[in-house]
Amino acid sequence: MGIKWDNIKVLHCSITNNMVLGKTDKSGRIATDKSNDRTNEIIVAVMHYMDNELKRGKGDPTDKFAITCEAGRLIWEPKEAERKVRE
């Protein structure tokens with residue numbers, strides 16, 4: 001029996017401010033099983049995603065790129081060194 005990936009969620013703990021992977025109860029509010037802290041890995045994955053979107057022409061590579069979703073808006077601004085490499 002393998003992992004049911006549709007049951008795995010990225011969760012945020014407001015007490016520790018950590019992001020983890022885990023499962024929740026039917027309400028979606030209480031973690032029933034979770035990993036250790038995965039905050040850095042999740043943030044780095046999002047940064048790579050946004051950087052790739054810039055490289056694929058979804059924005060000005062010398063400027064900022066934004067993702068908008070139902071939770072809000074996230075803006076990615078490459079480091080100064082990254083901008084110079086692209087120019």
# chains A, B, ... in the order shown; residues from 1 in each chain; ligands from 1
call {"tool": "residues_around", "arguments": {"residues": "region 67-82 of chain A", "least_positions_apart": "6", "cutoff": "8 Å", "atoms": "only C-alpha atoms", "output": "PyMOL selection string"}}
result
chain A and resi 47+50-51
call {"tool": "closest_residue", "arguments": {"among": "A:Ala66, A:Ile3, A:Leu54, A:Ile8", "to": "Val20 (chain A)", "atoms": "only C-alpha atoms"}}
result
A:Ile8
call {"tool": "atom_distance", "arguments": {"atom1": "CA of Ile42 (chain A)", "atom2": "CA of Met19 (chain A)"}}
result
7.5 Å
call {"tool": "residues_around", "arguments": {"residues": "Asp25 (chain A)", "least_positions_apart": "5", "cutoff": "12 Å", "atoms": "only C-alpha atoms", "output": "ChimeraX atom specification"}}
result
/A:7-9,30-34
call {"tool": "write_last_selection", "arguments": {"atoms": "N, CA and C atoms", "output": "PDB file, in the first residue's frame"}}
result
ATOM      1  N   ASN A   7      -3.972  12.999  -0.143  1.00  0.00           N
ATOM      2  CA  ASN A   7      -4.209  13.242   1.284  1.00  0.00           C
ATOM      3  C   ASN A   7      -3.081  14.053   1.940  1.00  0.00           C
ATOM      4  N   ILE A   8      -1.957  14.218   1.238  1.00  0.00           N
ATOM      5  CA  ILE A   8      -0.812  14.938   1.797  1.00  0.00           C
ATOM      6  C   ILE A   8      -0.958  16.422   1.485  1.00  0.00           C
ATOM      7  N   LYS A   9      -0.795  17.246   2.494  1.00  0.00           N
ATOM      8  CA  LYS A   9      -0.950  18.700   2.357  1.00  0.00           C
ATOM      9  C   LYS A   9       0.304  19.405   2.892  1.00  0.00           C
ATOM     10  N   ILE A  30      -6.983  20.129  11.798  1.00  0.00           N
ATOM     11  CA  ILE A  30      -6.149  19.444  12.785  1.00  0.00           C
ATOM     12  C   ILE A  30      -5.265  18.420  12.078  1.00  0.00           C
ATOM     13  N   ALA A  31      -3.948  18.514  12.296  1.00  0.00           N
ATOM     14  CA  ALA A  31      -3.014  17.567  11.697  1.00  0.00           C
ATOM     15  C   ALA A  31      -3.121  16.228  12.418  1.00  0.00           C
ATOM     16  N   THR A  32      -3.288  15.178  11.634  1.00  0.00           N
ATOM     17  CA  THR A  32      -3.356  13.836  12.220  1.00  0.00           C
ATOM     18  C   THR A  32      -2.019  13.121  12.110  1.00  0.00           C
ATOM     19  N   ASP A  33      -1.190  13.544  11.171  1.00  0.00           N
ATOM     20  CA  ASP A  33       0.148  12.986  10.984  1.00  0.00           C
ATOM     21  C   ASP A  33       0.946  14.037  10.237  1.00  0.00           C
ATOM     22  N   LYS A  34       2.199  14.250  10.644  1.00  0.00           N
ATOM     23  CA  LYS A  34       2.980  15.299   9.985  1.00  0.00           C
ATOM     24  C   LYS A  34       4.458  14.994  10.037  1.00  0.00           C
TER      25      LYS A  34
END
call {"tool": "select_by_dssp", "arguments": {"residues": "chain A", "states": "strand (DSSP E)", "output": "ChimeraX atom specification"}}
result
/A:9-13,18-24,31-34,65-69,72-76
call {"tool": "residues_around", "arguments": {"residues": "Trp5 (chain A)", "least_positions_apart": "3", "cutoff": "12 Å", "atoms": "only C-alpha atoms", "output": "PyMOL selection string"}}
result
chain A and resi 2+8-10+21-23
call {"tool": "write_last_selection", "arguments": {"atoms": "N, CA and C atoms", "output": "PDB file, in the first residue's frame"}}
result
ATOM      1  N   GLY A   2       0.708   2.114  -0.948  1.00  0.00           N
ATOM      2  CA  GLY A   2       1.531   3.306  -1.060  1.00  0.00           C
ATOM      3  C   GLY A   2       0.884   4.520  -0.411  1.00  0.00           C
ATOM      4  N   ILE A   8      -1.957  14.218   1.238  1.00  0.00           N
ATOM      5  CA  ILE A   8      -0.812  14.938   1.797  1.00  0.00           C
ATOM      6  C   ILE A   8      -0.958  16.422   1.485  1.00  0.00           C
ATOM      7  N   LYS A   9      -0.795  17.246   2.494  1.00  0.00           N
ATOM      8  CA  LYS A   9      -0.950  18.700   2.357  1.00  0.00           C
ATOM      9  C   LYS A   9       0.304  19.405   2.892  1.00  0.00           C
ATOM     10  N   VAL A  10       0.527  20.620   2.430  1.00  0.00           N
ATOM     11  CA  VAL A  10       1.520  21.496   3.048  1.00  0.00           C
ATOM     12  C   VAL A  10       0.775  22.223   4.152  1.00  0.00           C
ATOM     13  N   LEU A  21       4.784  18.802   6.018  1.00  0.00           N
ATOM     14  CA  LEU A  21       3.938  18.000   5.150  1.00  0.00           C
ATOM     15  C   LEU A  21       3.146  17.077   6.050  1.00  0.00           C
ATOM     16  N   GLY A  22       1.868  16.888   5.749  1.00  0.00           N
ATOM     17  CA  GLY A  22       1.100  16.014   6.610  1.00  0.00           C
ATOM     18  C   GLY A  22      -0.310  15.786   6.140  1.00  0.00           C
ATOM     19  N   LYS A  23      -1.052  15.106   7.000  1.00  0.00           N
ATOM     20  CA  LYS A  23      -2.465  14.807   6.757  1.00  0.00           C
ATOM     21  C   LYS A  23      -3.289  15.538   7.806  1.00  0.00           C
TER      22      LYS A  23
END
call {"tool": "select_by_dssp", "arguments": {"residues": "chain A", "states": "alpha helix (DSSP H)", "output": "VMD selection string"}}
result
chain A and resid 39 to 55 80 to 86
call {"tool": "atom_distance", "arguments": {"atom1": "CA of Leu11 (chain A)", "atom2": "CA of Arg38 (chain A)"}}
result
9.7 Å
